[in-house]
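What follows is the content of target.cif, which has mmCIF, C-alpha atoms:
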data_final
loop_
_atom_site.label_atom_id
_atom_site.label_comp_id
_atom_site.auth_asym_id
_atom_site.auth_seq_id
_atom_site.Cartn_x
_atom_site.Cartn_y
_atom_site.Cartn_z
CA MET Y 147 7.99 -53.76 -18.46
CA THR Y 148 9.76 -53.28 -21.79
CA ARG Y 149 12.73 -50.94 -22.14
CA GLY Y 150 10.65 -48.47 -24.15
CA GLY Y 151 7.90 -48.48 -21.53
CA ARG Y 152 10.42 -47.85 -18.74
CA ASN Y 153 11.92 -44.92 -20.65
CA LEU Y 154 8.46 -43.50 -21.13
CA VAL Y 155 7.81 -43.62 -17.37
CA ILE Y 156 11.16 -41.93 -16.67
CA LEU Y 157 10.36 -39.25 -19.24
CA GLY Y 158 6.93 -38.70 -17.65
CA ILE Y 159 8.40 -38.34 -14.16
CA ALA Y 160 11.17 -36.01 -15.40
CA ALA Y 161 8.63 -33.84 -17.25
CA SER Y 162 6.46 -33.64 -14.12
CA LEU Y 163 9.45 -32.64 -11.97
CA VAL Y 164 10.43 -29.93 -14.44
CA ALA Y 165 6.84 -28.64 -14.48
CA VAL Y 166 6.68 -28.55 -10.67
CA ALA Y 167 10.06 -26.80 -10.46
CA THR Y 168 9.23 -24.12 -13.04
CA THR Y 169 5.81 -23.52 -11.47
CA GLY Y 170 7.48 -23.16 -8.06
CA VAL Y 171 10.00 -20.65 -9.43
CA SER Y 172 7.19 -18.68 -11.14
CA LEU Y 173 5.17 -18.53 -7.92
CA ALA Y 174 8.24 -17.46 -5.95
CA ILE Y 175 8.89 -14.63 -8.43
CA TYR Y 176 5.20 -13.64 -8.32
CA HIS Y 177 5.30 -13.53 -4.52
CA ASN Y 178 8.64 -11.76 -4.17
CA SER Y 179 7.77 -9.10 -6.74
CA GLY Y 180 4.81 -8.11 -4.55
CA ASP Y 181 2.28 -8.42 -7.37
CA ILE Y 182 0.39 -11.00 -5.32
CA TYR Y 183 -0.46 -8.33 -2.73
CA LEU Y 184 -1.83 -5.95 -5.35
CA ASP Y 185 -3.79 -8.70 -7.12
CA ARG Y 186 -5.20 -9.92 -3.86
CA SER Y 187 -6.69 -6.52 -3.14
CA ARG Y 188 -8.35 -6.18 -6.54
CA PRO Y 189 -12.15 -6.05 -6.64
CA GLY Y 190 -13.70 -9.48 -6.80
CA PHE Y 191 -11.04 -11.21 -4.75
CA LEU Y 192 -12.92 -10.51 -1.57
CA PRO Y 193 -16.47 -11.84 -1.79
CA ASP Y 194 -17.80 -8.83 -0.02
CA ASP Y 195 -21.12 -7.05 -0.60
CA GLU Y 196 -19.74 -3.68 0.49
CA GLU Y 197 -16.92 -3.89 -2.02
CA ILE Y 198 -19.34 -4.57 -4.89
CA GLU Y 199 -21.47 -1.57 -3.87
CA GLN Y 200 -18.43 0.70 -3.93
CA GLU Y 201 -17.53 -0.53 -7.39
CA VAL Y 202 -21.01 0.26 -8.73
CA ASP Y 203 -20.95 3.71 -7.10
CA THR Y 204 -17.67 4.71 -8.74
CA GLU Y 205 -18.71 3.42 -12.14
CA GLU Y 206 -21.58 5.91 -12.16
CA GLU Y 207 -19.25 8.90 -12.07
CA GLU Y 208 -17.04 8.81 -15.14
CA TYR Y 209 -15.34 12.03 -16.08
CA GLU Y 210 -12.21 12.55 -18.10
CA PHE Y 211 -10.69 15.89 -18.95
CA GLU Y 212 -10.06 16.24 -22.69
CA LYS Y 213 -6.42 16.58 -23.68
CA SER Y 214 -7.19 19.09 -26.39
CA GLY Y 215 -9.46 22.10 -26.75
CA PRO Y 216 -9.58 25.67 -25.48
CA VAL Y 217 -8.88 26.63 -21.87
CA THR Y 218 -11.56 28.92 -20.47
CA LYS Y 219 -12.66 29.90 -16.98
CA GLU Y 220 -15.87 27.83 -17.35
CA ILE Y 221 -13.94 24.72 -18.38
CA LEU Y 222 -11.53 25.10 -15.46
CA ASP Y 223 -14.43 25.66 -13.05
CA GLU Y 224 -15.99 22.38 -14.16
CA TYR Y 225 -12.60 20.66 -13.82
CA ILE Y 226 -12.18 21.98 -10.26
CA GLU Y 227 -15.69 20.92 -9.34
CA LYS Y 228 -15.11 17.36 -10.61
CA LEU Y 229 -11.71 17.12 -8.94
CA GLU Y 230 -13.21 18.31 -5.66
CA SER Y 231 -15.76 15.51 -5.84
CA GLU Y 232 -12.91 12.99 -6.33
CA ILE Y 233 -11.19 14.35 -3.23
CA LYS Y 234 -14.49 14.20 -1.36
CA ALA Y 235 -14.78 10.51 -2.31
CA ILE Y 236 -11.26 9.92 -0.97
CA ASP Y 237 -12.23 11.65 2.28
CA ALA Y 238 -15.30 9.42 2.52
CA TYR Y 239 -12.95 6.53 3.30
CA LYS Y 240 -12.39 7.32 6.95
CA ASN Y 241 -8.87 7.03 8.38
CA PRO Y 242 -7.25 4.67 5.86
CA PHE Y 243 -4.18 2.92 7.27
CA ASP Y 244 -4.47 4.76 10.59
CA ALA Y 245 -2.13 3.69 13.36
CA SER Y 246 -4.87 2.66 15.79
CA ALA Y 247 -5.70 -0.56 13.88
CA LEU Y 248 -2.41 -2.12 15.01
CA SER Y 249 -2.13 -0.43 18.40
CA ASP Y 250 -1.55 -2.40 21.59
CA GLU Y 251 -4.91 -1.20 22.86
CA LYS Y 252 -6.85 -2.30 19.79
CA LEU Y 253 -5.14 -5.70 19.71
CA GLY Y 254 -5.71 -6.17 23.44
CA ILE Y 255 -2.06 -6.40 24.41
CA GLU Y 256 -1.64 -3.16 26.32
CA GLU Y 257 0.29 -3.18 29.60
CA MET I 60 44.39 2.15 26.98
CA LYS I 61 43.64 -0.63 24.49
CA ARG I 62 41.53 -2.41 27.07
CA PHE I 63 39.62 0.79 27.76
CA LEU I 64 38.95 1.30 24.06
CA PHE I 65 37.84 -2.31 23.68
CA THR I 66 35.48 -1.95 26.66
CA MET I 67 34.03 1.24 25.22
CA ILE I 68 33.48 -0.36 21.81
CA VAL I 69 31.74 -3.36 23.39
CA LEU I 70 29.60 -1.03 25.51
CA VAL I 71 28.56 1.14 22.56
CA ALA I 72 27.92 -1.94 20.39
CA SER I 73 25.72 -3.50 23.05
CA LEU I 74 23.73 -0.28 23.41
CA VAL I 75 23.22 -0.08 19.64
CA ALA I 76 22.22 -3.75 19.51
CA LEU I 77 19.57 -3.29 22.18
CA PRO I 78 16.07 -3.58 20.75
CA VAL I 79 14.23 -0.27 20.40
CA PHE I 80 11.04 -1.77 21.77
CA ALA I 81 10.28 -3.35 25.10
CA ILE I 82 7.71 -5.95 25.91
CA SER I 83 6.45 -6.34 29.45
CA ASP I 84 5.54 -9.64 31.11
CA SER I 85 1.85 -8.74 31.01
CA GLN I 86 2.04 -8.03 27.27
CA GLU I 87 3.87 -11.28 26.67
CA LYS I 88 1.18 -13.14 28.58
CA ALA I 89 -1.57 -11.33 26.66
CA ILE I 90 0.03 -12.28 23.32
CA VAL I 91 0.32 -15.94 24.32
CA ASP I 92 -3.18 -16.09 25.82
CA HIS I 93 -4.92 -14.32 22.94
CA CYS I 94 -2.75 -15.64 20.13
CA ASP I 95 -5.65 -16.98 18.02
CA SER I 96 -7.83 -13.89 18.39
CA LEU I 97 -4.79 -11.70 17.64
CA ARG I 98 -4.28 -13.55 14.38
CA ASP I 99 -7.97 -13.11 13.52
CA SER I 100 -7.71 -9.37 14.23
CA LEU I 101 -4.64 -9.08 12.01
CA LYS I 102 -6.36 -10.96 9.19
CA SER I 103 -9.29 -8.58 9.52
CA VAL I 104 -6.87 -5.62 9.26
CA GLN I 105 -5.40 -7.27 6.14
CA ARG I 106 -8.85 -7.45 4.54
CA ASP I 107 -9.70 -3.85 5.46
CA ASP I 108 -6.39 -2.62 4.08
CA SER I 109 -6.88 -4.51 0.82
CA ARG I 110 -10.22 -2.76 0.45
CA ALA I 111 -8.67 0.63 1.25
CA ARG I 112 -5.85 0.07 -1.22
CA VAL I 113 -8.16 -0.74 -4.10
CA TYR I 114 -10.64 2.01 -3.24
CA LEU I 115 -8.05 4.76 -2.85
CA GLY I 116 -5.82 3.38 -5.61
CA ARG I 117 -8.63 3.76 -8.12
CA TYR I 118 -9.16 7.42 -7.18
CA TYR I 119 -5.44 8.16 -7.30
CA GLU I 120 -5.26 6.62 -10.76
CA ASN I 121 -8.29 8.62 -11.89
CA ILE I 122 -6.87 11.87 -10.56
CA LEU I 123 -3.54 11.34 -12.29
CA ASN I 124 -4.75 9.95 -15.62
CA LYS I 125 -8.08 11.74 -16.03
CA PHE I 126 -7.35 15.08 -14.41
CA ILE I 127 -3.73 16.07 -13.81
CA THR I 128 -2.01 14.67 -16.93
CA PRO I 129 -4.62 15.68 -19.56
CA LEU I 130 -4.81 19.19 -18.09
CA ASN I 131 -1.06 19.71 -18.48
CA VAL I 132 -1.19 18.41 -22.07
CA ARG I 133 -4.01 20.83 -22.84
CA LEU I 134 -2.25 23.76 -21.18
CA VAL I 135 0.88 23.09 -23.27
CA GLU I 136 -1.28 23.00 -26.40
CA ASN I 137 -2.70 26.41 -25.45
CA ASN I 138 0.73 27.85 -24.53
CA LEU I 139 -0.35 28.10 -20.90
CA SER I 140 2.16 25.59 -19.53
CA ASN I 141 2.58 26.02 -15.79
CA SER I 142 5.68 24.85 -13.90
CA GLU I 143 3.80 24.35 -10.60
CA LEU I 144 1.22 22.12 -12.26
CA ILE I 145 3.90 20.09 -14.04
CA SER I 146 5.84 19.73 -10.79
CA ASN I 147 2.61 18.66 -9.09
CA GLN I 148 2.08 16.01 -11.77
CA ASN I 149 5.58 14.61 -11.22
CA ASP I 150 5.15 14.60 -7.44
CA PHE I 151 1.75 12.93 -7.70
CA ALA I 152 3.03 10.19 -10.04
CA LYS I 153 6.08 9.58 -7.82
CA THR I 154 4.04 9.46 -4.60
CA ARG I 155 1.49 7.14 -6.21
CA THR I 156 4.31 4.74 -7.12
CA ASN I 157 5.66 5.00 -3.57
CA PHE I 158 2.18 4.27 -2.24
CA MET I 159 2.11 1.00 -4.21
CA ILE I 160 5.66 0.03 -3.19
CA ASP I 161 5.11 0.88 0.48
CA TYR I 162 1.78 -0.96 0.46
CA VAL I 163 3.45 -4.12 -0.89
CA GLU I 164 6.25 -3.87 1.69
CA TYR I 165 3.70 -3.37 4.45
CA GLN I 166 1.61 -6.35 3.31
CA LYS I 167 4.70 -8.54 3.25
CA GLU I 168 5.48 -7.58 6.85
CA LEU I 169 1.88 -8.08 7.90
CA GLU I 170 1.77 -11.52 6.30
CA ASP I 171 5.00 -12.43 8.05
CA LEU I 172 3.53 -11.20 11.33
CA VAL I 173 0.39 -13.33 10.89
CA ALA I 174 2.57 -16.37 10.14
CA THR I 175 4.68 -15.87 13.29
CA ASN I 176 3.95 -18.31 16.08
CA CYS I 177 2.76 -15.95 18.80
CA LYS I 178 2.32 -18.75 21.33
CA GLU I 179 5.91 -19.92 21.03
CA GLU I 180 7.64 -16.63 20.22
CA PRO I 181 5.70 -13.68 21.73
CA GLY I 182 8.83 -11.49 21.81
CA LEU I 183 9.55 -12.00 18.13
CA PHE I 184 5.87 -11.47 17.38
CA TYR I 185 5.90 -8.10 19.13
CA GLU I 186 9.15 -7.11 17.41
CA LYS I 187 7.51 -7.82 14.04
CA LEU I 188 4.38 -5.95 15.11
CA VAL I 189 6.44 -2.84 15.84
CA SER I 190 8.14 -3.14 12.44
CA THR I 191 4.78 -3.62 10.67
CA ARG I 192 3.42 -0.48 12.32
CA LYS I 193 6.31 1.53 10.86
CA LYS I 194 5.57 0.20 7.37
CA ARG I 195 1.90 1.00 7.80
CA GLU I 196 2.83 4.52 8.83
CA LEU I 197 4.64 4.99 5.51
CA VAL I 198 1.53 3.95 3.57
CA ALA I 199 -0.59 6.38 5.61
CA LYS I 200 1.91 9.19 4.90
CA ASP I 201 1.78 8.45 1.16
CA ALA I 202 -2.04 8.57 1.27
CA ASP I 203 -1.93 11.93 3.11
CA LYS I 204 0.58 13.33 0.64
CA LEU I 205 -1.51 12.27 -2.37
CA ARG I 206 -4.54 13.99 -0.89
CA SER I 207 -2.62 17.22 -0.28
CA LEU I 208 -1.14 17.09 -3.81
CA ALA I 209 -4.67 16.80 -5.23
CA LEU I 210 -5.61 19.88 -3.18
CA ASN I 211 -2.48 21.69 -4.44
CA GLN I 212 -3.69 21.01 -7.98
CA ILE I 213 -6.86 22.95 -7.24
CA ASP I 214 -4.98 25.83 -5.56
CA ASP I 215 -2.50 26.14 -8.45
CA LEU I 216 -5.32 26.00 -10.95
CA LYS I 217 -7.23 28.78 -9.20
CA ILE I 218 -4.13 30.98 -9.45
CA LEU I 219 -3.89 30.17 -13.16
CA GLU I 220 -7.60 30.84 -13.57
CA GLY I 221 -7.11 34.31 -12.12
CA ARG I 222 -4.57 35.10 -14.82
CA LEU I 223 -6.87 34.09 -17.71
#
Is it possible to give me this structure as structure tokens?
Amino acid sequence: MTRGGRNLVILGIAASLVAVATTGVSLAIYHNSGDIYLDRSRPGFLPDDEEIEQEVDTEEEEYEFEKSGPVTKEILDEYIEKLESEIKAIDAYKNPFDASALSDEKLGIEE
Amino acid sequence: MKRFLFTMIVLVASLVALPVFAISDSQEKAIVDHCDSLRDSLKSVQRDDSRARVYLGRYYENILNKFITPLNVRLVENNLSNSELISNQNDFAKTRTNFMIDYVEYQKELEDLVATNCKEEPGLFYEKLVSTRKKRELVAKDADKLRSLALNQIDDLKILEGRL
């Protein structure tokens, strides 16, 4: 192998090592920042039929209160009605993060 | 006297250092015996929680950005600014941020728990399980608080409505 060819190989290896190192650092930052946990729970990550249905359901109900305009009793009544339906949708998700999911009994490690 | 003090310090230190949880022999055996199924159950909890986070997170975002914030802007524009509603907006935004932070912390602990070798280290596994439960509790409290803040918004608004 000529001297130039050898230098080229060294350069290639060095470039690869730098790329691996910077990618590793980036992934470590991504993991430690916690963004990975939020991204992992985004729709589409889980190939799950139920998740897709929920997405379609929520897309049907789009309401946004206008930042400008008069404030009347009728407008506030509509606002309250829409907000109540949002709260109702939250309540439809039964017992989110409830303690029983990680209980000894549920995991089968009770005394 | 010095010896007495030293003994007392050692005694107090050992009491403080004692783990706050206890694992019985039968629990230890159950963890070792059902290690694989335990891991599967925890992974299933991880999936369910991811779904809950995205489902609830979307509604929290909607409530803050499409309801609470625009209403306060509009009330200011109409000289009807209300301190309770503004305070509610701040609390909601802060709790929503806490929900995200606590969720991330909880997921980190849960991932660490799943990665723990329950066959080799059942005691450590249980210790981490107890810690993960506490983190999960924080997420549940944030979710409860966000719901009650959304209800407060309605109550405060009804009071304002009565004054119109």
Practice prompt. Counting all atoms listed in the file, collect the residues of chain Y whose closest atom lies at most 8 Å from chain I, and write them out as number ranges by chain.
Written response: Y: 180-181, 183-184, 186-189, 192, 197, 200, 209-219, 222, 225-226, 229, 232-233, 236, 239, 242-245, 247-248, 253-257
Worksheet, complete the sentence: The distance between CA of Glu180 in chain I and CA of Glu168 in chain I is 16.3 Å
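In this model, the gap between CA of Leu172 in chain I and CA of Lys187 in chain I comes to 5.9 Å.
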Worksheet, complete the sentence: CA of Asn157 in chain I to CA of Asp201 in chain I measures 7.0 Å
So that all listed atoms of range 153-166 of chain Y fit with 4 Å spare on each side, what axis-aligned box centre and edge lengths in Å, to one decimal, would you give as lines of an AutoDock Vina configuration file?
center_x = 9.2
center_y = -36.7
center_z = -15.9
size_x = 13.5
size_y = 24.4
size_z = 18.5
